[in-house]
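Chemist: I am sharing my_file.csv, which consists of CSV, C-alpha atoms and all ligand atoms:
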```csv
chain,number,residue,atom,x,y,z
G,9,MET,CA,0.0,0.0,0.0
G,10,PRO,CA,1.6,3.3,-1.0
G,11,THR,CA,1.7,5.9,1.8
G,12,LEU,CA,-0.2,9.1,1.5
G,13,LYS,CA,3.0,11.1,1.4
G,14,ASN,CA,4.2,9.1,-1.6
G,15,GLU,CA,0.8,9.5,-3.4
G,16,LEU,CA,0.8,13.2,-2.8
G,17,SER,CA,4.5,13.5,-3.8
G,18,ALA,CA,3.8,11.6,-7.1
G,19,SER,CA,0.8,13.7,-7.8
G,20,LEU,CA,2.5,17.1,-7.4
G,21,PRO,CA,3.5,17.6,-11.0
G,22,GLN,CA,-0.1,17.3,-12.2
G,23,LEU,CA,-1.9,18.4,-9.0
G,24,SER,CA,-4.9,20.7,-9.5
G,25,LYS,CA,-6.2,20.5,-6.0
G,26,ALA,CA,-5.8,18.4,-2.8
G,27,VAL,CA,-8.5,18.4,-0.2
G,28,PHE,CA,-8.1,17.1,3.4
G,29,SER,CA,-11.5,16.9,5.0
G,30,GLN,CA,-13.5,15.1,7.7
G,31,PRO,CA,-11.0,16.0,10.5
G,32,THR,CA,-10.2,13.6,13.4
G,33,ASP,CA,-9.7,15.0,16.9
G,34,ALA,CA,-6.0,15.2,16.2
G,35,ALA,CA,-6.5,17.6,13.3
G,36,GLU,CA,-5.5,21.3,13.8
G,37,TYR,CA,-7.9,22.5,11.1
G,38,GLU,CA,-11.3,21.6,9.9
G,39,LYS,CA,-10.3,21.4,6.3
G,40,VAL,CA,-7.2,22.0,4.3
G,41,THR,CA,-7.0,22.6,0.6
G,42,ILE,CA,-3.8,22.7,-1.4
G,43,ARG,CA,-3.5,24.3,-4.8
G,44,PRO,CA,-0.5,24.9,-7.1
G,45,ILE,CA,0.5,28.6,-7.6
G,46,ARG,CA,3.3,30.3,-9.5
G,47,LEU,CA,5.6,32.4,-7.3
G,48,GLY,CA,8.3,34.3,-9.2
G,49,GLY,CA,7.8,31.9,-12.1
G,50,GLU,CA,8.4,28.9,-9.9
G,51,LEU,CA,5.8,26.2,-9.1
G,52,SER,CA,4.8,26.4,-5.5
G,53,PHE,CA,1.8,25.4,-3.5
G,54,GLN,CA,-0.7,27.3,-1.3
G,55,ALA,CA,-2.3,25.5,1.6
G,56,GLU,CA,-5.5,27.1,2.8
G,57,SER,CA,-6.4,25.8,6.3
G,58,ILE,CA,-9.9,26.5,7.7
G,59,ARG,CA,-10.5,26.9,11.5
G,60,ASP,CA,-13.5,28.5,13.1
G,61,LYS,CA,-14.6,29.9,9.8
G,62,LYS,CA,-11.2,31.7,9.3
G,63,ALA,CA,-8.8,30.8,6.5
G,64,PHE,CA,-5.0,30.6,7.1
G,65,HIS,CA,-2.8,30.6,4.0
G,66,LEU,CA,0.7,29.2,3.7
G,67,ASN,CA,2.8,29.3,0.5
G,68,LEU,CA,5.2,26.3,0.3
G,69,ASP,CA,7.7,24.9,-2.0
G,70,GLU,CA,7.5,21.2,-2.8
G,71,LYS,CA,9.8,20.1,0.1
G,72,ALA,CA,8.0,22.3,2.6
G,73,LEU,CA,4.6,21.1,1.4
G,74,LEU,CA,5.6,17.5,1.9
G,75,ARG,CA,6.8,18.3,5.4
G,76,PHE,CA,3.6,20.1,6.1
G,77,ALA,CA,1.6,17.2,4.9
G,78,ASP,CA,3.6,14.8,7.0
G,79,GLU,CA,3.5,16.8,10.2
G,80,THR,CA,0.0,18.3,10.0
G,81,LEU,CA,-2.2,16.3,7.7
G,82,ASP,CA,-1.2,12.6,7.3
G,83,GLY,CA,-3.5,10.4,9.5
G,84,ARG,CA,-5.5,13.4,10.8
G,85,TYR,CA,-8.2,13.6,8.1
G,86,ARG,CA,-10.6,10.8,7.3
G,87,GLN,CA,-10.9,11.8,3.7
G,88,VAL,CA,-8.3,13.0,1.2
G,89,LEU,CA,-9.0,13.9,-2.4
G,90,LEU,CA,-6.2,14.4,-4.9
G,91,ILE,CA,-7.4,16.0,-8.1
G,92,ARG,CA,-4.9,15.9,-10.9
G,93,SER,CA,-5.0,17.1,-14.5
G,94,ASP,CA,-5.1,13.5,-15.6
G,95,GLY,CA,-7.6,12.2,-13.1
G,96,SER,CA,-8.5,12.0,-9.4
G,97,ALA,CA,-8.1,9.7,-6.5
G,98,GLN,CA,-9.7,9.5,-3.1
G,99,TYR,CA,-8.4,8.0,0.1
G,100,VAL,CA,-10.2,7.1,3.3
G,101,LEU,CA,-8.5,6.8,6.7
G,102,ARG,CA,-8.3,3.4,8.2
G,103,ARG,CA,-8.5,2.7,11.9
G,104,ASP,CA,-4.7,1.9,12.0
G,105,GLY,CA,-3.9,5.4,10.7
G,106,SER,CA,-3.1,4.3,7.1
G,107,TYR,CA,-5.1,5.3,4.1
G,108,ARG,CA,-7.1,3.1,1.7
G,109,LYS,CA,-7.8,4.2,-1.9
G,110,SER,CA,-11.6,4.4,-1.9
G,111,GLY,CA,-14.2,3.7,-4.6
G,112,LYS,CA,-13.7,4.4,-8.2
G,113,SER,CA,-10.6,6.4,-8.8
G,114,SER,CA,-9.8,8.0,-12.1
G,115,VAL,CA,-6.1,8.3,-11.7
G,116,PRO,CA,-4.6,6.1,-14.3
G,117,ARG,CA,-2.4,3.3,-12.9
G,118,PRO,CA,1.2,3.1,-14.1
G,119,GLY,CA,1.3,1.1,-17.3
G,120,GLY,CA,-2.5,0.9,-17.3
G,121,GLU,CA,-5.1,2.7,-19.3
G,122,SER,CA,-4.7,6.4,-20.0
G,123,ALA,CA,-6.6,9.2,-18.3
G,124,ALA,CA,-10.1,8.3,-17.3
G,125,SER,CA,-12.9,10.2,-18.8
G,126,HIS,CA,-14.6,13.1,-17.0
G,127,ASP,CA,-17.7,10.8,-16.6
G,128,ARG,CA,-15.7,8.3,-14.7
G,129,GLU,CA,-14.3,10.9,-12.5
G,130,LYS,CA,-17.8,12.1,-11.6
G,131,HIS,CA,-18.8,8.6,-10.5
G,132,TYR,CA,-16.7,8.8,-7.4
G,133,LEU,CA,-18.5,11.8,-6.1
G,134,LEU,CA,-20.4,9.4,-3.9
G,135,ALA,CA,-18.1,6.4,-3.8
G,136,GLU,CA,-18.8,3.5,-1.6
G,137,GLY,CA,-16.4,4.0,1.3
G,138,GLU,CA,-16.6,7.8,1.2
G,139,TYR,CA,-17.1,9.1,4.7
G,140,ILE,CA,-20.6,10.4,4.6
G,141,PRO,CA,-21.8,9.5,8.1
G,142,ALA,CA,-25.5,10.6,7.6
G,143,LEU,CA,-25.8,7.8,5.0
G,144,VAL,CA,-25.0,5.3,7.8
G,145,ASP,CA,-27.8,6.8,10.0
G,146,LEU,CA,-30.1,6.7,7.0
G,147,GLY,CA,-29.3,3.0,6.5
G,148,VAL,CA,-27.8,3.4,3.0
G,149,PHE,CA,-24.3,2.6,4.1
G,150,THR,CA,-23.2,0.0,6.7
G,151,PRO,CA,-21.0,1.3,9.6
G,152,GLU,CA,-18.1,0.1,7.4
G,153,LEU,CA,-19.3,2.4,4.7
G,154,GLN,CA,-20.4,-0.3,2.3
G,155,ILE,CA,-23.7,0.0,0.5
G,156,VAL,CA,-26.6,-1.9,2.2
G,157,LYS,CA,-27.7,-4.4,-0.4
G,158,SER,CA,-31.4,-3.5,-0.3
G,159,LYS,CA,-30.6,0.2,-0.7
G,160,TYR,CA,-28.6,-0.3,-3.8
G,161,ASP,CA,-31.2,1.0,-6.2
G,162,LYS,CA,-31.8,4.1,-4.1
G,163,TYR,CA,-28.1,4.6,-3.9
G,164,ARG,CA,-27.8,4.5,-7.7
G,165,GLN,CA,-30.6,7.0,-8.0
G,166,ILE,CA,-29.2,9.6,-5.6
G,167,ASN,CA,-25.7,9.1,-7.1
G,168,ARG,CA,-27.0,9.8,-10.6
G,169,PHE,CA,-29.0,12.8,-9.3
G,170,VAL,CA,-25.8,14.3,-7.7
G,171,GLU,CA,-23.9,13.6,-10.9
G,172,LEU,CA,-26.4,15.6,-12.9
G,173,ILE,CA,-26.3,18.4,-10.3
G,174,ASP,CA,-22.5,18.4,-10.5
G,175,ASP,CA,-22.8,18.8,-14.3
G,176,ALA,CA,-24.6,22.0,-13.7
G,177,PHE,CA,-22.6,23.3,-10.7
G,178,SER,CA,-19.0,22.1,-11.4
G,179,GLY,CA,-18.2,25.5,-13.0
G,180,VAL,CA,-20.1,27.5,-10.4
G,181,GLU,CA,-17.8,29.3,-7.8
G,182,PRO,CA,-18.9,28.3,-4.3
G,183,GLY,CA,-21.0,31.0,-2.6
G,184,LYS,CA,-24.4,31.4,-1.0
G,185,LEU,CA,-27.0,29.0,-2.2
G,186,THR,CA,-30.6,28.2,-1.2
G,187,VAL,CA,-31.9,24.8,-2.1
G,188,LEU,CA,-35.4,23.3,-1.4
G,189,ASP,CA,-36.4,19.7,-1.7
G,190,PHE,CA,-40.2,19.1,-2.1
G,191,GLY,CA,-41.5,15.8,-0.8
G,192,CYS,CA,-38.1,14.8,0.7
G,193,GLY,CA,-39.4,11.7,2.5
G,194,LYS,CA,-36.5,9.8,4.1
G,195,SER,CA,-34.2,12.5,2.6
G,196,TYR,CA,-31.4,10.4,1.2
G,197,LEU,CA,-31.2,12.9,-1.6
G,198,THR,CA,-31.4,15.9,0.6
G,199,PHE,CA,-28.5,14.8,2.9
G,200,ILE,CA,-26.4,13.9,-0.1
G,201,LEU,CA,-27.0,17.2,-1.8
G,202,TYR,CA,-26.2,19.0,1.4
G,203,TYR,CA,-23.0,17.0,1.7
G,204,TYR,CA,-22.1,17.7,-2.0
G,205,PHE,CA,-22.7,21.5,-1.7
G,206,ALA,CA,-21.6,22.2,1.9
G,207,VAL,CA,-18.8,19.7,2.5
G,208,LYS,CA,-17.5,18.7,-0.8
G,209,ARG,CA,-17.8,22.0,-2.7
G,210,GLY,CA,-17.7,24.6,0.2
G,211,PHE,CA,-21.0,26.4,-0.7
G,212,ASP,CA,-22.7,28.4,2.1
G,213,VAL,CA,-25.8,26.4,1.5
G,214,ASP,CA,-29.2,26.9,3.2
G,215,MET,CA,-31.3,23.8,2.6
G,216,ILE,CA,-34.9,22.9,3.5
G,217,GLY,CA,-36.6,19.6,2.9
G,218,TYR,CA,-40.4,19.6,3.1
G,219,ASP,CA,-42.6,16.6,3.7
G,220,LEU,CA,-46.0,15.7,5.0
G,221,LYS,CA,-44.7,13.0,7.3
G,222,GLU,CA,-44.0,14.3,10.8
G,223,ASP,CA,-41.9,11.2,11.9
G,224,ALA,CA,-39.6,11.4,8.8
G,225,VAL,CA,-39.1,15.1,9.4
G,226,GLU,CA,-38.3,14.6,13.1
G,227,ARG,CA,-35.8,11.9,12.3
G,228,CYS,CA,-34.1,13.9,9.6
G,229,ASN,CA,-33.8,16.9,11.8
G,230,ALA,CA,-32.2,14.8,14.5
G,231,ILE,CA,-29.6,13.4,12.0
G,232,ALA,CA,-28.8,16.9,10.7
G,233,ARG,CA,-28.3,18.1,14.3
G,234,LYS,CA,-26.1,15.1,15.1
G,235,TYR,CA,-23.6,16.1,12.3
G,236,GLY,CA,-23.8,19.8,13.0
G,237,TYR,CA,-25.5,20.5,9.6
G,238,ASP,CA,-27.0,23.6,11.0
G,239,LYS,CA,-28.1,25.0,7.7
G,240,LEU,CA,-30.0,21.8,6.8
G,241,ARG,CA,-33.5,21.6,8.2
G,242,PHE,CA,-36.7,19.7,7.6
G,243,LEU,CA,-40.2,21.0,7.9
G,244,VAL,CA,-43.6,19.4,8.0
G,245,ALA,CA,-45.6,21.0,5.2
G,246,ASP,CA,-48.2,20.2,2.5
G,247,VAL,CA,-46.4,21.8,-0.5
G,248,THR,CA,-49.7,22.1,-2.3
G,249,LYS,CA,-51.2,24.5,0.1
G,250,ASP,CA,-49.0,25.5,3.1
G,251,ARG,CA,-47.0,28.7,3.4
G,252,LEU,CA,-43.4,27.9,2.6
G,253,TRP,CA,-40.0,29.7,2.2
G,254,ASP,CA,-40.8,33.3,1.1
G,255,LYS,CA,-37.5,34.5,-0.4
G,256,GLU,CA,-35.8,33.8,-3.7
G,257,ILE,CA,-34.2,30.4,-4.2
G,258,ASP,CA,-31.4,29.1,-6.3
G,259,LEU,CA,-32.2,25.4,-6.8
G,260,LEU,CA,-35.3,23.3,-6.4
G,261,VAL,CA,-35.3,19.5,-6.5
G,262,THR,CA,-37.9,16.9,-6.3
G,263,LEU,CA,-37.4,13.2,-6.4
G,264,HIS,CA,-40.6,11.2,-6.9
G,265,ALA,CA,-42.8,13.8,-5.2
G,266,CYS,CA,-46.3,12.4,-5.7
G,267,ASP,CA,-48.6,13.4,-8.5
G,268,THR,CA,-49.4,17.1,-8.4
G,269,ALA,CA,-46.9,17.9,-5.6
G,270,THR,CA,-44.4,18.1,-8.5
G,271,ASP,CA,-46.6,20.7,-10.2
G,272,TYR,CA,-46.7,22.9,-7.0
G,273,ALA,CA,-43.0,22.5,-6.7
G,274,LEU,CA,-42.3,23.6,-10.3
G,275,ASP,CA,-44.7,26.5,-9.9
G,276,PHE,CA,-43.0,27.5,-6.6
G,277,ALA,CA,-39.6,27.4,-8.3
G,278,VAL,CA,-40.7,29.7,-11.1
G,279,ARG,CA,-42.4,32.2,-8.7
G,280,HIS,CA,-39.3,32.3,-6.5
G,281,ASN,CA,-36.9,32.8,-9.4
G,282,ALA,CA,-35.0,29.5,-9.0
G,283,ASN,CA,-32.1,29.4,-11.5
G,284,TYR,CA,-32.1,25.6,-11.5
G,285,ILE,CA,-34.8,23.0,-11.3
G,286,PHE,CA,-34.1,19.3,-11.2
G,287,SER,CA,-37.3,17.3,-10.9
G,288,VAL,CA,-38.0,13.6,-11.2
G,289,PRO,CA,-41.8,13.2,-11.2
G,290,CYS,CA,-43.9,10.1,-10.4
G,291,CYS,CA,-47.5,9.0,-10.1
G,292,GLN,CA,-48.7,11.3,-12.9
G,293,HIS,CA,-52.4,10.4,-12.3
G,294,GLU,CA,-54.1,13.7,-12.9
G,295,ILE,CA,-54.5,13.6,-16.7
G,296,ASN,CA,-55.3,9.9,-16.7
G,297,GLN,CA,-58.2,10.6,-14.4
G,298,THR,CA,-59.6,13.5,-16.4
G,299,ILE,CA,-58.8,12.9,-20.1
G,300,ARG,CA,-61.6,11.9,-22.4
G,301,LYS,CA,-61.8,11.3,-26.2
G,302,GLY,CA,-61.7,14.4,-28.3
G,303,GLY,CA,-59.6,14.0,-31.5
G,304,ASP,CA,-56.7,12.3,-33.2
G,305,LEU,CA,-55.3,10.9,-30.0
G,306,ASP,CA,-58.4,8.8,-29.3
G,307,ILE,CA,-56.6,5.6,-30.5
G,308,LEU,CA,-54.3,6.1,-27.5
G,309,LEU,CA,-57.1,6.3,-25.0
G,310,LYS,CA,-58.7,2.9,-25.8
G,311,HIS,CA,-56.5,0.7,-23.7
G,312,GLY,CA,-55.9,1.4,-20.0
G,313,ILE,CA,-52.2,0.8,-20.0
G,314,ILE,CA,-51.5,2.9,-23.0
G,315,LYS,CA,-53.8,5.7,-21.7
G,316,GLU,CA,-51.9,5.6,-18.4
G,317,ARG,CA,-48.5,5.9,-20.1
G,318,LEU,CA,-49.7,8.6,-22.6
G,319,SER,CA,-51.1,10.6,-19.7
G,320,ALA,CA,-47.8,10.4,-17.8
G,321,LEU,CA,-45.8,11.5,-20.8
G,322,LEU,CA,-48.3,14.2,-21.7
G,323,THR,CA,-48.1,15.5,-18.1
G,324,ASP,CA,-44.3,15.9,-18.3
G,325,ALA,CA,-44.4,17.3,-21.8
G,326,ILE,CA,-46.8,20.0,-20.7
G,327,ARG,CA,-44.7,20.7,-17.6
G,328,ALA,CA,-41.6,21.2,-19.9
G,329,ASP,CA,-43.6,23.5,-22.2
G,330,VAL,CA,-44.8,25.6,-19.3
G,331,LEU,CA,-41.3,26.0,-17.9
G,332,GLU,CA,-40.0,27.0,-21.3
G,333,ASP,CA,-42.6,29.7,-21.5
G,334,MET,CA,-41.5,30.8,-18.0
G,335,GLY,CA,-38.0,31.5,-19.3
G,336,TYR,CA,-36.2,28.2,-18.7
G,337,ALA,CA,-34.1,26.1,-21.0
G,338,VAL,CA,-35.6,22.7,-20.5
G,339,ASP,CA,-34.6,19.2,-21.3
G,340,LEU,CA,-36.1,15.9,-20.4
G,341,ILE,CA,-33.5,13.2,-19.8
G,342,GLU,CA,-33.5,9.6,-18.8
G,343,PHE,CA,-32.7,9.8,-15.1
G,344,ILE,CA,-32.0,6.1,-14.5
G,345,ASP,CA,-32.4,3.2,-16.9
G,346,PHE,CA,-35.9,1.8,-17.2
G,347,ALA,CA,-34.9,-1.6,-15.9
G,348,HIS,CA,-34.1,0.0,-12.5
G,349,SER,CA,-37.2,2.2,-12.2
G,350,PRO,CA,-40.0,3.1,-14.6
G,351,LYS,CA,-40.0,6.5,-12.9
G,352,ASN,CA,-37.0,7.4,-14.9
G,353,LEU,CA,-37.5,10.8,-16.4
G,354,MET,CA,-36.0,14.0,-15.2
G,355,ILE,CA,-37.1,17.5,-16.0
G,356,ARG,CA,-34.0,19.7,-15.9
G,357,ALA,CA,-34.5,23.4,-16.3
G,358,VAL,CA,-32.1,26.3,-16.1
G,359,ARG,CA,-33.4,29.9,-16.2
G,360,ARG,CA,-32.2,31.6,-19.3
G,361,ARG,CA,-34.4,34.5,-20.3
G,362,SER,CA,-37.6,36.3,-19.5
G,363,ALA,CA,-41.1,34.7,-19.8
G,364,ARG,CA,-43.0,34.6,-23.0
G,365,GLU,CA,-46.2,33.0,-24.2
G,366,LYS,CA,-45.4,30.6,-26.9
G,367,ASN,CA,-46.3,27.1,-25.8
G,368,LEU,CA,-49.1,27.9,-23.4
G,369,PRO,CA,-51.9,28.5,-25.9
G,370,ARG,CA,-51.3,25.1,-27.6
G,371,CYS,CA,-51.3,23.3,-24.2
G,372,ARG,CA,-54.5,25.0,-23.1
G,373,GLU,CA,-56.2,24.2,-26.4
G,374,LEU,CA,-55.2,20.5,-26.0
G,375,ALA,CA,-56.5,20.4,-22.4
G,376,GLU,CA,-59.8,21.9,-23.5
G,377,ARG,CA,-60.2,19.6,-26.5
G,378,TYR,CA,-59.5,16.4,-24.4
G,379,GLY,CA,-61.1,17.7,-21.2
G,380,PHE,CA,-58.2,17.1,-18.9
G,381,THR,CA,-56.7,19.2,-16.1
G,382,GLN,CA,-53.0,19.6,-15.6
G,383,THR,CA,-52.2,21.5,-12.4
G,384,LEU,CA,-49.0,23.3,-13.5
G,385,LEU,CA,-50.9,24.6,-16.6
G,386,SER,CA,-53.8,25.7,-14.4
G,387,LEU,CA,-51.4,27.4,-12.0
G,388,THR,CA,-50.2,29.6,-14.8
G,389,ASP,CA,-53.7,31.3,-14.7
G,390,THR,CA,-53.3,32.3,-11.1
G,391,GLU,CA,-51.6,35.5,-9.9
G,401,LIG,C1,-42.1,8.5,-3.1
G,401,LIG,S1,-41.7,9.5,-1.7
G,401,LIG,C2,-40.1,10.1,-2.3
G,401,LIG,C3,-39.3,10.6,-1.1
G,401,LIG,C4,-37.9,11.1,-1.5
G,401,LIG,N1,-37.9,12.3,-2.3
G,401,LIG,C5,-37.1,10.0,-2.1
G,401,LIG,O1,-37.0,10.0,-3.3
G,401,LIG,O2,-36.6,9.1,-1.4
G,401,LIG,C6,-42.7,10.9,-1.9
G,401,LIG,C7,-42.7,11.8,-0.7
G,401,LIG,O3,-43.5,13.0,-1.1
G,401,LIG,C8,-44.2,13.3,0.1
G,401,LIG,N2,-45.4,14.2,-0.3
G,401,LIG,C9,-46.4,13.8,-1.2
G,401,LIG,N3,-47.3,14.8,-1.3
G,401,LIG,C10,-46.8,15.8,-0.6
G,401,LIG,C11,-47.2,17.1,-0.3
G,401,LIG,N4,-48.4,17.6,-0.8
G,401,LIG,N5,-46.5,17.9,0.5
G,401,LIG,C12,-45.3,17.5,1.0
G,401,LIG,N6,-44.9,16.3,0.8
G,401,LIG,C13,-45.6,15.4,0.0
G,401,LIG,C14,-44.6,12.0,0.7
G,401,LIG,O4,-44.9,12.2,2.1
G,401,LIG,C15,-43.4,11.2,0.5
G,401,LIG,O5,-42.5,11.2,1.6
```
What does this structure look like when you write it as structure tokens?

Modeler:
Amino acid sequence: MPTLKNELSASLPQLSKAVFSQPTDAAEYEKVTIRPIRLGGELSFQAESIRDKKAFHLNLDEKALLRFADETLDGRYRQVLLIRSDGSAQYVLRRDGSYRKSGKSSVPRPGGESAASHDREKHYLLAEGEYIPALVDLGVFTPELQIVKSKYDKYRQINRFVELIDDAFSGVEPGKLTVLDFGCGKSYLTFILYYYFAVKRGFDVDMIGYDLKEDAVERCNAIARKYGYDKLRFLVADVTKDRLWDKEIDLLVTLHACDTATDYALDFAVRHNANYIFSVPCCQHEINQTIRKGGDLDILLKHGIIKERLSALLTDAIRADVLEDMGYAVDLIEFIDFAHSPKNLMIRAVRRRSAREKNLPRCRELAERYGFTQTLLSLTDTE
């Protein structure tokens, strides 16, 4: 097993960033980030060490950096991330003080395949073995940080969700961010997103998960408190009618929020000027229950199973059209492959321009002709 010092030393020529996080009691700082800098034309390194919300900076040449790593960092942080121009690797502290390379690493092995793709690098965002303690409390990871077998599908889903979020936010400089999760349930996704933004990326994130279920909300608040996630909270609310957050938001997410709860979430996002919306709908019953024959689509309404699928697709197509008219660039993407979950479509929307009325008349005309109601479309009529 190579030592951390050797791994760091070997990485220095291509190092983009090294992050030492999840401090043990022996650590002097909460987090240390090392970046290469040029000083007088020479390659040096800057170590930024965070303690009590204050940042301390040290400029070090290679030798001094390795000494600093040896004396101040090695064995004192549970998680180490080395990001190099040709890939990345992550290490998790073992009980005996040594490090284990964790999960999927994209640093090419000597003599092995060349630099891994950006996609592979993203996978290890939530690698098995990564120290995300809330996932143990939530029952997704075992205490040894292995994925619990029965939670594997859920883990895949949240992992994919975070990858898609990372696609949108990887180029965004960490700053203040308000994120809401509608219908958060057991909140696997909410905790992971908080971890991604606050711990992994260093955003000053304010996050709220809303759900109808009091017991789930109480449990999630207890877990957030346990890990000192003081800007992550959960509130009991019916998102279709209760009073919620009243300021602007940056990002709204939903993962399988039932039926029209998704529509209220999308409407809320638009009215609160969210820049980003990531929504995976489910149980799109509304159109199925109200649609009747009325024109060329009648052949698709004859058989229950086709009518149900058509209604679900029509629901999400209308949602996308409404969001487009509200000023968003929208795409519908396969969230997870169909074999894993039939609830596999994601509405991804990024605010791009001001609102216009282009799609809405066509959607309203369709709703009128086929007699169906679609909540997001109806909500566009309310002030
Ligand atoms: C299928 S679960 C998904 C939970 C979570 N997002 C996940 O993917 O693990 C749907 C959740 O939405 C919540 N929900 C449904 N309608 C709601 C409403 N009107 N207001 C708030 N929460 C709602 C339910 O209580 C439930 O926890």

Chemist: Please find the residues contacting ligand LIG 401 (chain G) at a distance of at most 10 Å between atoms, with all atoms listed in the file counted, and report them as a PyMOL selection string.

Modeler: chain G and resi 162-163+165-166+189-198+217-222+224-225+243-250+261-270+272-273+287-291

Chemist: Interatomic distance between atom CA of G:Ser110 and atom CA of G:Lys159?

Modeler: 19.5 Å

Chemist: Just to confirm, what's the straight-line distance from atom CA of G:Leu321 to atom CA of G:Gln292 in Å (one decimal)?

Modeler: 8.4 Å

Chemist: The residues within 12 Å of (-15.9, 3.2, 1.7), using only C-alpha atoms and the coordinates of the file, should be reported as a PyMOL selection string; which are they?

Modeler: chain G and resi 86-87+98-102+107-112+132-141+143-144+148-156

Chemist: Can I get the selected residues back with C-alpha atoms, as a compact mmCIF listing (two decimals), keeping the file's coordinate frame?

Modeler:
```
# COMPACT_ATOMS: atom_id res chain seq x y z
CA ARG G 86 -10.60 10.80 7.30
CA GLN G 87 -10.90 11.80 3.70
CA GLN G 98 -9.70 9.50 -3.10
CA TYR G 99 -8.40 8.00 0.10
CA VAL G 100 -10.20 7.10 3.30
CA LEU G 101 -8.50 6.80 6.70
CA ARG G 102 -8.30 3.40 8.20
CA TYR G 107 -5.10 5.30 4.10
CA ARG G 108 -7.10 3.10 1.70
CA LYS G 109 -7.80 4.20 -1.90
CA SER G 110 -11.60 4.40 -1.90
CA GLY G 111 -14.20 3.70 -4.60
CA LYS G 112 -13.70 4.40 -8.20
CA TYR G 132 -16.70 8.80 -7.40
CA LEU G 133 -18.50 11.80 -6.10
CA LEU G 134 -20.40 9.40 -3.90
CA ALA G 135 -18.10 6.40 -3.80
CA GLU G 136 -18.80 3.50 -1.60
CA GLY G 137 -16.40 4.00 1.30
CA GLU G 138 -16.60 7.80 1.20
CA TYR G 139 -17.10 9.10 4.70
CA ILE G 140 -20.60 10.40 4.60
CA PRO G 141 -21.80 9.50 8.10
CA LEU G 143 -25.80 7.80 5.00
CA VAL G 144 -25.00 5.30 7.80
CA VAL G 148 -27.80 3.40 3.00
CA PHE G 149 -24.30 2.60 4.10
CA THR G 150 -23.20 0.00 6.70
CA PRO G 151 -21.00 1.30 9.60
CA GLU G 152 -18.10 0.10 7.40
CA LEU G 153 -19.30 2.40 4.70
CA GLN G 154 -20.40 -0.30 2.30
CA ILE G 155 -23.70 0.00 0.50
CA VAL G 156 -26.60 -1.90 2.20
```

Chemist: For the atom pair atom CA of G:Gly210 and atom CA of G:Ile58, what is the interatomic distance in Å to one decimal place?

Modeler: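 It comes out at 11.0 Å.
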
Chemist: Quick one: of G:Tyr160, G:Phe28, G:Phe242, G:Phe380, who's nearest to G:Lys208, counting all atoms listed in the file?

Modeler: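 With all atoms listed in the file as the atom set, the closest residue is G:Phe28.
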
Chemist: For G:Phe64, please output as a VMD selection string all residues within 12 Å (counting all atoms listed in the file; exclusion window: fewer than 6 positions along the same chain).

Modeler: chain G and resid 36 to 42 54 to 58

Chemist: Which polymer residues have any atom within 12 Å of an atom of G:Ala325, counting only C-alpha atoms, with same-chain residues fewer than 3 positions away left out, as a VMD selection string?

Modeler: chain G and resid 289 292 295 318 to 322 328 to 332 338 to 341 353 to 355 367 to 368 370 to 371 382 384 to 385

Chemist: Compare G:Arg43, G:Arg372, G:Arg75, G:Lys61 by their minimum atom-to-atom distance to G:Asn14, counting all atoms listed in the file, and give me the closest one.

Modeler: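 For G:Asn14, the nearest of the candidates is G:Arg75.
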
Chemist: List the spatial neighbours of G:Ala363 as a list in words - criterion: any atom at most 8 Å away, all atoms listed in the file, same-chain residues fewer than 3 positions off excluded.

Modeler: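 Returned residues: Glu332, Asp333, Met334 and Gly335 of chain G.
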
Chemist: Taking only C-alpha atoms into account, which of G:Arg360, G:Lys13, G:Lys315, G:Arg103 comes nearest G:Glu79?

Modeler: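 Going through G:Arg360, G:Lys13, G:Lys315, G:Arg103 one by one, the smallest distance to G:Glu79 is for G:Lys13.
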
Chemist: Could you check which of G:Val170, G:Ile231, G:Leu81, G:Leu23 is closest to G:Leu51, using all atoms listed in the file?

Modeler: G:Leu23

Chemist: Give the answer as one residue: which of G:Glu15, G:Asp271, G:Glu256, G:Asp82 has the shortest atom-to-atom distance to G:Thr32, using all atoms listed in the file?

Modeler: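 Between G:Glu15, G:Asp271, G:Glu256, G:Asp82, the residue approaching G:Thr32 most closely is G:Asp82.
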